[in-house]
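> Got a structure for you, work11.cif, holding mmCIF, C-alpha atoms and all ligand atoms.
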```
data_target
loop_
_atom_site.label_atom_id
_atom_site.label_comp_id
_atom_site.auth_asym_id
_atom_site.auth_seq_id
_atom_site.Cartn_x
_atom_site.Cartn_y
_atom_site.Cartn_z
CA MET A 1 -9.83 -9.23 11.63
CA THR A 2 -9.25 -8.11 15.21
CA GLY A 3 -11.34 -5.35 16.77
CA ARG A 4 -8.30 -3.08 16.89
CA ARG A 5 -7.49 -3.62 13.20
CA ARG A 6 -11.11 -3.07 12.19
CA ALA A 7 -11.15 0.20 14.17
CA ALA A 8 -7.99 1.29 12.37
CA THR A 9 -9.72 0.85 9.01
CA GLY A 10 -12.83 2.76 10.03
CA GLY A 11 -14.89 -0.39 10.63
CA VAL A 12 -14.37 -1.71 7.07
CA ASP A 13 -13.16 -5.29 6.81
CA LEU A 14 -10.70 -5.29 3.90
CA GLY A 15 -9.83 -8.99 4.27
CA VAL A 16 -10.68 -11.40 1.45
CA THR A 17 -10.68 -15.19 1.46
CA ALA A 18 -10.03 -16.70 -1.96
CA ALA A 19 -8.85 -20.19 -2.95
CA GLY A 20 -8.71 -21.00 0.77
CA ILE A 21 -6.20 -18.21 1.45
CA ARG A 22 -6.88 -15.28 3.76
CA PHE A 23 -5.58 -12.08 2.20
CA PRO A 24 -5.40 -9.05 4.54
CA ASN A 25 -6.74 -6.87 1.74
CA PRO A 26 -7.53 -7.46 -1.96
CA VAL A 27 -4.64 -5.48 -3.46
CA LEU A 28 -1.63 -7.53 -4.61
CA VAL A 29 1.31 -6.63 -6.82
CA ALA A 30 1.49 -8.22 -10.27
CA SER A 31 4.14 -10.69 -11.36
CA GLY A 32 7.19 -9.18 -13.02
CA THR A 33 6.57 -5.67 -11.74
CA PHE A 34 7.64 -6.06 -8.11
CA GLY A 35 10.72 -8.26 -8.43
CA TYR A 36 10.95 -10.70 -5.56
CA GLY A 37 9.05 -8.43 -3.23
CA LEU A 38 11.75 -6.46 -1.47
CA ASP A 39 12.85 -4.02 -4.20
CA TYR A 40 10.51 -1.37 -2.81
CA THR A 41 11.28 -1.71 0.91
CA GLY A 42 13.03 1.69 0.94
CA ILE A 43 9.81 3.26 -0.34
CA PHE A 44 7.11 1.49 1.66
CA ASP A 45 6.51 -1.49 3.90
CA PRO A 46 5.47 -4.37 1.58
CA GLY A 47 3.79 -5.93 4.61
CA ARG A 48 0.89 -3.55 3.99
CA LEU A 49 0.00 -5.21 0.70
CA GLY A 50 -2.67 -7.86 0.31
CA GLY A 51 -0.08 -10.25 -1.09
CA ILE A 52 2.90 -10.48 -3.38
CA ILE A 53 3.10 -12.27 -6.71
CA VAL A 54 6.76 -12.78 -7.48
CA LYS A 55 8.47 -12.55 -10.84
CA GLY A 56 7.97 -15.30 -13.39
CA THR A 57 10.17 -18.21 -12.28
CA THR A 58 11.54 -20.90 -14.57
CA LEU A 59 13.39 -24.13 -13.87
CA ALA A 60 16.76 -22.93 -15.19
CA PRO A 61 18.04 -19.33 -15.03
CA ARG A 62 17.00 -17.23 -18.03
CA ALA A 63 18.84 -14.23 -19.44
CA GLY A 64 15.71 -12.82 -21.06
CA ASN A 65 15.36 -11.04 -24.39
CA PRO A 66 17.76 -8.62 -26.11
CA ALA A 67 17.45 -4.86 -25.37
CA PRO A 68 15.53 -2.64 -25.80
CA ARG A 69 12.94 -4.41 -23.65
CA LEU A 70 10.58 -1.57 -22.83
CA CYS A 71 8.78 0.98 -24.94
CA GLU A 72 6.22 3.53 -23.75
CA THR A 73 3.01 3.83 -25.73
CA PRO A 74 -0.04 6.07 -25.28
CA ALA A 75 -1.44 5.14 -21.84
CA GLY A 76 0.59 1.95 -21.84
CA LEU A 77 3.87 0.11 -21.81
CA LEU A 78 5.20 -2.52 -24.19
CA ASN A 79 7.58 -4.97 -22.54
CA ALA A 80 9.55 -7.88 -23.85
CA VAL A 81 11.58 -8.82 -20.79
CA GLY A 82 11.34 -12.49 -21.73
CA LEU A 83 11.14 -13.93 -18.22
CA GLU A 84 14.65 -13.02 -17.09
CA ASN A 85 15.06 -14.72 -13.72
CA PRO A 86 17.68 -16.61 -11.71
CA GLY A 87 15.85 -19.97 -11.84
CA VAL A 88 13.82 -21.78 -9.21
CA GLU A 89 16.74 -22.99 -7.08
CA ALA A 90 18.04 -19.45 -6.55
CA VAL A 91 14.51 -18.24 -5.85
CA ILE A 92 14.11 -20.92 -3.17
CA ALA A 93 17.55 -20.32 -1.68
CA HIS A 94 17.66 -16.51 -1.67
CA HIS A 95 14.38 -14.80 -2.44
CA LEU A 96 11.65 -16.77 -0.70
CA PRO A 97 13.39 -16.86 2.72
CA ALA A 98 13.63 -13.05 2.62
CA LEU A 99 9.91 -12.74 1.86
CA ALA A 100 8.61 -15.23 4.42
CA PRO A 101 9.01 -12.91 7.48
CA LEU A 102 6.51 -10.45 5.96
CA GLY A 103 3.78 -12.95 6.81
CA LEU A 104 1.90 -12.12 3.62
CA PRO A 105 0.51 -14.58 1.12
CA VAL A 106 3.21 -15.08 -1.52
CA LEU A 107 2.17 -16.43 -4.91
CA VAL A 108 5.00 -17.72 -7.09
CA ASN A 109 4.46 -17.22 -10.80
CA ILE A 110 5.79 -20.22 -12.73
CA ALA A 111 6.54 -20.64 -16.43
CA GLY A 112 7.77 -23.72 -18.26
CA GLU A 113 8.74 -24.59 -21.82
CA ASN A 114 6.80 -27.84 -21.60
CA GLU A 115 4.45 -29.67 -19.25
CA ALA A 116 7.22 -31.54 -17.46
CA GLU A 117 8.94 -28.27 -16.57
CA TYR A 118 5.74 -26.85 -15.09
CA GLU A 119 5.36 -30.05 -13.05
CA LYS A 120 8.91 -29.89 -11.71
CA LEU A 121 8.43 -26.25 -10.74
CA ALA A 122 5.21 -27.06 -8.89
CA GLU A 123 6.84 -29.92 -7.00
CA ARG A 124 9.91 -27.91 -6.09
CA LEU A 125 7.91 -24.96 -4.74
CA THR A 126 5.47 -27.05 -2.72
CA GLY A 127 6.15 -26.73 1.00
CA GLN A 128 8.59 -23.84 0.66
CA PRO A 129 8.20 -21.34 3.53
CA GLY A 130 5.79 -18.52 2.81
CA VAL A 131 4.58 -19.86 -0.56
CA ARG A 132 0.78 -19.92 -0.37
CA ALA A 133 -0.10 -20.50 -4.03
CA LEU A 134 1.24 -20.87 -7.53
CA GLU A 135 0.26 -18.54 -10.33
CA VAL A 136 0.63 -20.60 -13.47
CA ASN A 137 1.69 -18.35 -16.31
CA LEU A 138 0.12 -19.81 -19.44
CA SER A 139 0.15 -16.49 -21.14
CA CYS A 140 3.54 -14.85 -21.55
CA PRO A 141 3.69 -13.35 -25.04
CA ASN A 142 7.45 -12.77 -24.86
CA VAL A 143 8.95 -16.25 -24.91
CA ARG A 144 8.99 -18.48 -27.94
CA LYS A 145 8.40 -21.80 -26.21
CA GLY A 146 5.70 -22.52 -23.62
CA GLY A 147 3.72 -19.63 -22.15
CA MET A 148 1.18 -18.34 -24.58
CA ALA A 149 1.40 -21.45 -26.73
CA PHE A 150 -0.31 -23.37 -23.88
CA GLY A 151 -2.65 -20.58 -22.86
CA THR A 152 -4.46 -20.27 -26.17
CA ASP A 153 -5.56 -23.91 -26.47
CA PRO A 154 -8.35 -25.02 -24.09
CA ALA A 155 -7.41 -28.70 -24.25
CA ALA A 156 -3.77 -27.91 -23.38
CA VAL A 157 -4.85 -25.64 -20.52
CA GLU A 158 -7.10 -28.31 -19.02
CA ARG A 159 -4.49 -31.04 -19.39
CA LEU A 160 -1.66 -29.03 -17.87
CA THR A 161 -3.82 -27.79 -14.98
CA ARG A 162 -4.89 -31.37 -14.25
CA ARG A 163 -1.29 -32.56 -14.26
CA LEU A 164 -0.23 -29.77 -11.92
CA ARG A 165 -3.17 -30.44 -9.62
CA LYS A 166 -1.75 -33.94 -9.04
CA ARG A 167 1.74 -32.63 -8.24
CA THR A 168 0.99 -30.03 -5.58
CA ASN A 169 -1.45 -29.26 -2.82
CA LEU A 170 -0.82 -25.53 -3.26
CA PRO A 171 -3.76 -23.56 -4.65
CA LEU A 172 -3.33 -22.96 -8.37
CA PHE A 173 -4.20 -19.62 -9.94
CA VAL A 174 -4.07 -20.16 -13.69
CA LYS A 175 -3.09 -16.93 -15.45
CA LEU A 176 -4.95 -16.43 -18.69
CA SER A 177 -3.91 -14.68 -21.87
CA PRO A 178 -6.09 -11.96 -23.37
CA ASN A 179 -4.67 -12.92 -26.79
CA VAL A 180 -7.53 -15.29 -27.55
CA THR A 181 -10.87 -15.08 -29.31
CA ASP A 182 -12.85 -16.63 -26.47
CA VAL A 183 -11.37 -16.21 -23.00
CA VAL A 184 -14.38 -17.90 -21.41
CA GLU A 185 -13.57 -21.18 -23.13
CA ILE A 186 -10.02 -21.10 -21.73
CA ALA A 187 -11.27 -20.13 -18.26
CA ARG A 188 -13.70 -23.05 -18.22
CA ALA A 189 -10.90 -25.40 -19.28
CA ALA A 190 -8.68 -24.25 -16.40
CA GLU A 191 -11.53 -24.68 -13.93
CA ALA A 192 -12.30 -28.14 -15.31
CA GLY A 193 -8.63 -29.07 -14.84
CA GLY A 194 -8.80 -28.17 -11.16
CA ALA A 195 -7.70 -24.53 -10.95
CA ASP A 196 -8.50 -22.94 -7.58
CA GLY A 197 -8.51 -19.45 -9.05
CA LEU A 198 -7.92 -17.58 -12.30
CA SER A 199 -5.67 -14.59 -12.90
CA LEU A 200 -6.62 -12.34 -15.77
CA VAL A 201 -5.28 -10.74 -17.76
CA ASN A 202 -1.68 -10.97 -18.84
CA THR A 203 -0.40 -8.48 -21.41
CA LEU A 204 -1.81 -7.99 -24.91
CA LEU A 205 0.51 -8.79 -27.78
CA GLY A 206 1.64 -5.61 -29.53
CA MET A 207 4.51 -3.86 -31.27
CA ALA A 208 5.86 -0.40 -32.04
CA ILE A 209 8.19 0.85 -34.77
CA GLU A 210 10.89 3.48 -34.33
CA VAL A 211 10.11 5.66 -37.35
CA GLU A 212 13.50 7.44 -37.48
CA THR A 213 15.23 4.11 -38.06
CA GLY A 214 12.37 2.13 -39.54
CA ARG A 215 13.16 -0.68 -37.10
CA PRO A 216 10.98 -2.37 -34.46
CA ALA A 217 11.27 -0.50 -31.15
CA LEU A 218 11.79 -3.70 -29.13
CA GLY A 219 14.71 -6.08 -29.48
CA ASN A 220 12.19 -8.94 -29.47
CA VAL A 221 10.14 -7.15 -32.20
CA THR A 222 6.82 -7.84 -30.41
CA GLY A 223 5.98 -7.31 -26.75
CA GLY A 224 3.21 -7.35 -24.19
CA LEU A 225 1.08 -4.23 -23.78
CA SER A 226 0.10 -3.32 -20.22
CA GLY A 227 -1.16 -0.25 -18.37
CA PRO A 228 -4.36 1.84 -18.60
CA ALA A 229 -4.64 1.20 -22.36
CA ILE A 230 -5.68 -2.42 -21.71
CA ARG A 231 -8.01 -1.84 -18.76
CA PRO A 232 -11.35 -1.90 -20.62
CA VAL A 233 -10.33 -5.16 -22.33
CA ALA A 234 -9.35 -6.69 -18.99
CA VAL A 235 -12.53 -5.55 -17.22
CA ARG A 236 -14.62 -7.00 -20.04
CA MET A 237 -12.81 -10.34 -19.75
CA VAL A 238 -13.23 -10.49 -15.96
CA TYR A 239 -16.93 -9.70 -16.40
CA GLN A 240 -17.37 -12.49 -18.95
CA VAL A 241 -15.34 -15.07 -17.05
CA ALA A 242 -17.02 -14.30 -13.72
CA GLN A 243 -20.33 -15.39 -15.25
CA ALA A 244 -18.88 -18.68 -16.45
CA VAL A 245 -16.81 -20.04 -13.53
CA LYS A 246 -17.18 -20.52 -9.78
CA VAL A 247 -13.52 -20.11 -8.80
CA PRO A 248 -12.28 -16.70 -7.61
CA ILE A 249 -10.72 -14.24 -10.04
CA LEU A 250 -7.57 -12.17 -9.52
CA GLY A 251 -7.95 -9.23 -11.89
CA SER A 252 -5.17 -7.16 -13.43
CA GLY A 253 -4.70 -4.87 -16.39
CA GLY A 254 -4.11 -1.15 -16.07
CA ILE A 255 -5.13 -0.68 -12.45
CA SER A 256 -3.66 2.57 -11.14
CA THR A 257 -6.38 4.04 -8.91
CA SER A 258 -8.92 2.72 -6.41
CA SER A 259 -11.65 3.46 -8.93
CA ASP A 260 -9.89 1.16 -11.42
CA ALA A 261 -9.64 -1.55 -8.76
CA LEU A 262 -13.34 -1.13 -7.94
CA GLU A 263 -14.22 -1.74 -11.60
CA PHE A 264 -12.48 -5.11 -11.45
CA LEU A 265 -14.09 -6.08 -8.14
CA MET A 266 -17.53 -5.06 -9.38
CA ALA A 267 -16.95 -7.00 -12.62
CA GLY A 268 -16.40 -10.14 -10.54
CA ALA A 269 -12.82 -10.17 -9.26
CA SER A 270 -12.16 -11.07 -5.61
CA LEU A 271 -8.58 -9.78 -5.73
CA VAL A 272 -6.66 -7.35 -7.92
CA ALA A 273 -3.01 -6.96 -8.86
CA VAL A 274 -1.27 -3.66 -9.59
CA GLY A 275 1.53 -3.87 -12.16
CA THR A 276 2.64 -1.15 -14.56
CA ALA A 277 1.28 1.62 -12.28
CA LEU A 278 4.10 0.81 -9.84
CA PHE A 279 6.64 2.22 -12.31
CA ALA A 280 4.93 5.64 -12.34
CA ASP A 281 3.97 5.65 -8.65
CA PRO A 282 5.39 2.95 -6.38
CA LEU A 283 2.94 4.00 -3.68
CA SER A 284 -0.09 3.32 -5.89
CA PRO A 285 -1.02 0.00 -4.21
CA LEU A 286 -1.19 1.72 -0.81
CA LYS A 287 -3.27 4.56 -2.26
CA ILE A 288 -5.59 1.99 -3.82
CA ILE A 289 -6.02 0.17 -0.50
CA ALA A 290 -6.83 3.47 1.23
CA GLY A 291 -9.24 4.41 -1.57
CA LEU A 292 -11.11 1.10 -1.33
CA GLU A 293 -11.49 1.55 2.39
CA GLU A 294 -12.76 5.10 1.95
CA PHE A 295 -15.23 4.05 -0.73
CA CYS A 296 -16.68 1.40 1.57
CA ARG A 297 -16.68 3.57 4.68
CA ASP A 298 -18.43 6.47 2.92
CA ARG A 299 -21.22 4.16 1.81
CA GLY A 300 -21.56 2.07 4.95
CA ILE A 301 -20.20 -1.06 3.20
CA ARG A 302 -18.78 -3.14 6.03
CA ARG A 303 -16.76 -5.65 4.00
CA VAL A 304 -14.90 -5.03 0.78
CA ASP A 305 -15.71 -8.55 -0.44
CA ARG A 306 -19.36 -7.50 -0.67
CA LEU A 307 -18.43 -5.57 -3.81
CA THR A 308 -17.31 -8.60 -5.81
CA GLY A 309 -19.53 -9.04 -8.84
CA VAL A 310 -22.15 -6.40 -7.98
CA ALA A 311 -22.07 -5.18 -11.61
CA LEU A 312 -22.89 -8.63 -13.00
CA PRO A 313 -26.27 -9.30 -14.62
CA GLY A 314 -28.96 -9.86 -12.00
CA ARG A 315 -26.89 -8.30 -9.21
CA GLY A 316 -27.83 -5.14 -7.37
CA GLY A 317 -24.90 -2.80 -7.93
CA VAL A 318 -23.38 -0.79 -5.08
CA ALA A 319 -26.78 -0.70 -3.32
CA GLU A 320 -26.50 -4.48 -2.85
CA ALA A 321 -23.09 -4.15 -1.18
CA CYS A 322 -24.48 -1.48 1.16
CA ARG A 323 -27.20 -3.88 2.36
CA GLY A 324 -24.71 -6.61 3.38
C1 LIG B 1 7.78 -5.48 -17.08
C2 LIG B 1 6.71 -6.52 -16.93
C3 LIG B 1 7.07 -7.84 -16.61
C4 LIG B 1 6.09 -8.82 -16.46
N1 LIG B 1 6.45 -10.09 -16.15
C5 LIG B 1 5.50 -11.04 -15.96
C6 LIG B 1 5.86 -12.36 -15.58
O1 LIG B 1 7.04 -12.68 -15.35
N2 LIG B 1 4.87 -13.29 -15.45
C7 LIG B 1 3.54 -12.97 -15.65
O2 LIG B 1 2.67 -13.83 -15.52
N3 LIG B 1 3.17 -11.71 -15.98
C8 LIG B 1 4.12 -10.75 -16.15
N4 LIG B 1 3.74 -9.47 -16.48
C9 LIG B 1 2.30 -9.15 -16.62
C10 LIG B 1 1.75 -8.49 -15.35
O3 LIG B 1 1.87 -9.37 -14.22
C11 LIG B 1 0.27 -8.08 -15.51
O4 LIG B 1 -0.53 -9.24 -15.64
C12 LIG B 1 0.05 -7.19 -16.72
O5 LIG B 1 1.12 -6.28 -16.88
C13 LIG B 1 -1.26 -6.39 -16.64
O6 LIG B 1 -1.31 -5.56 -15.51
P1 LIG B 1 -0.81 -4.01 -15.52
O7 LIG B 1 -1.45 -3.34 -16.70
O8 LIG B 1 -1.29 -3.45 -14.20
O9 LIG B 1 0.66 -4.01 -15.61
C14 LIG B 1 4.71 -8.47 -16.64
C15 LIG B 1 4.35 -7.14 -16.94
C16 LIG B 1 5.33 -6.16 -17.08
C17 LIG B 1 4.89 -4.75 -17.39
#
```
Write out the structure in this file as structure tokens.

Amino acid sequence: MTGRRRAATGGVDLGVTAAGIRFPNPVLVASGTFGYGLDYTGIFDPGRLGGIIVKGTTLAPRAGNPAPRLCETPAGLLNAVGLENPGVEAVIAHHLPALAPLGLPVLVNIAGENEAEYEKLAERLTGQPGVRALEVNLSCPNVRKGGMAFGTDPAAVERLTRRLRKRTNLPLFVKLSPNVTDVVEIARAAEAGGADGLSLVNTLLGMAIEVETGRPALGNVTGGLSGPAIRPVAVRMVYQVAQAVKVPILGSGGISTSSDALEFLMAGASLVAVGTALFADPLSPLKIIAGLEEFCRDRGIRRVDRLTGVALPGRGGVAEACRG
């Protein structure tokens, strides 16, 4: 960080290096909630984010699931979008070139129906301008084939990660499903397969029923629950996984304030992603960045990355970060 930039942030270095990538700050936007990165340009400058994770991208275009696709729940949102996207060729031709000038790390979220599709996606996206990493979605609860079917079996996670590792030199963030009994086992499998980072968590499988009609509220019947309702589950999973792996963690699940983001960092995440909160307040990522900076400045913490994992067993809490 330059002297001028550091002065502008009150002497706090918000930059984070994870998986060999320098992020200007630790606050990214979560896949599927920020389109291809430019939907919000009328509201704020996306160049102020720590990075952008683009919508789930598949080999062929996908129409997604039947409507209704969204349903509000107490402190949460059920979605069953079903990975609607224009396919990787359109993403390469139209969306990535528009994002590249921002100069931010762009992570492309990929989803396949089988291992070969994931491999083709990885190969196709390697070397594309602006793409700094792949987020491998092994955890989408809203598509019948692929996705969560891979993400719940440790052997399948390790095998697929290993195959992808051979096909690309891009860092791989493997995105884990919370819909498992033992997330640590899956995290270890991804690390063993060569993941450079782990993203957790994706949405929790849920459903709602429209009582007036007695029919499921979502066209897909079940959907993925996101938002504040899932935050304690996500923080717990980050905390467990951080004790089991060495690779950096990108935490998500119900982050809407800087205090929420701090919980994830303290539980062991190096980076966080804001998703559902964007729908209620598109400016929330910027408020979170400002709040992290203020938290550090008020306590004399010079670098935000000093906070990662301070809540873990044997670590010294916020006092440890202040000493750094
Ligand atoms: C409408 C919607 C679409 C999503 N699409 C994707 C996707 O394409 N790929 C993916 O890996 N995760 C997807 N997610 C999951 C989010 O990236 C995020 O991991 C999850 O929602 C938890 O964070 P949040 O509670 O802040 O939203 C989607 C979430 C929502 C709400």
> Which of these residues is nearest to ligand LIG 1 (chain B), using only C-alpha atoms and all ligand atoms: A:Cys296, A:Leu38, A:Val241, A:Val27?
A:Val27
> Nearest residue to ligand LIG 1 (chain B) out of A:Lys120, A:Arg188, A:Arg231, A:Lys166, using all atoms listed in the file?
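Among the listed residues, the smallest separation from ligand LIG 1 (chain B) belongs to A:Arg231.
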> Any residue with an atom at most 7 Å from ligand LIG 1 (chain B) counts, using only C-alpha atoms and all ligand atoms. Which are they? Put them as a count of residues only.
32
> Give me the residues near A:Met266 as JSON, numbers by chain, where near means some atom within 10 Å (using all atoms listed in the file) and where sequence neighbours in that chain fewer than 2 positions away do not count.
{"A": [235, 238, 239, 261, 262, 263, 264, 268, 269, 270, 305, 306, 307, 308, 309, 310, 311, 312, 315, 317, 318, 321]}
> Restricting the calculation to only C-alpha atoms: of A:Asn85, A:Ser284, A:Asn114, A:Ser199, which residue gets closest to A:Leu134?
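Of the candidates, the smallest distance to A:Leu134 is held by A:Ser199.
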> If we count all atoms listed in the file, what is near A:Thr152 at a cut-off of 12 Å, once residues fewer than 4 positions away on the same chain are taken out, given as a PyMOL selection string?
chain A and resi 137-141+146-148+156-158+175-187+189-190
> Pull the neighbourhood of (14.6, -16.6, -9.0) for me: all residues within 8 Å in file coordinates, counting only C-alpha atoms, as number ranges by chain.
A: 36, 55, 57-58, 61, 85-92, 94-95
> Calculate how many Å separate atom CA of A:Leu14 from atom CA of A:Pro105, rounding to one decimal.
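One can read the atom CA of A:Leu14 to atom CA of A:Pro105 distance as 14.8 Å.
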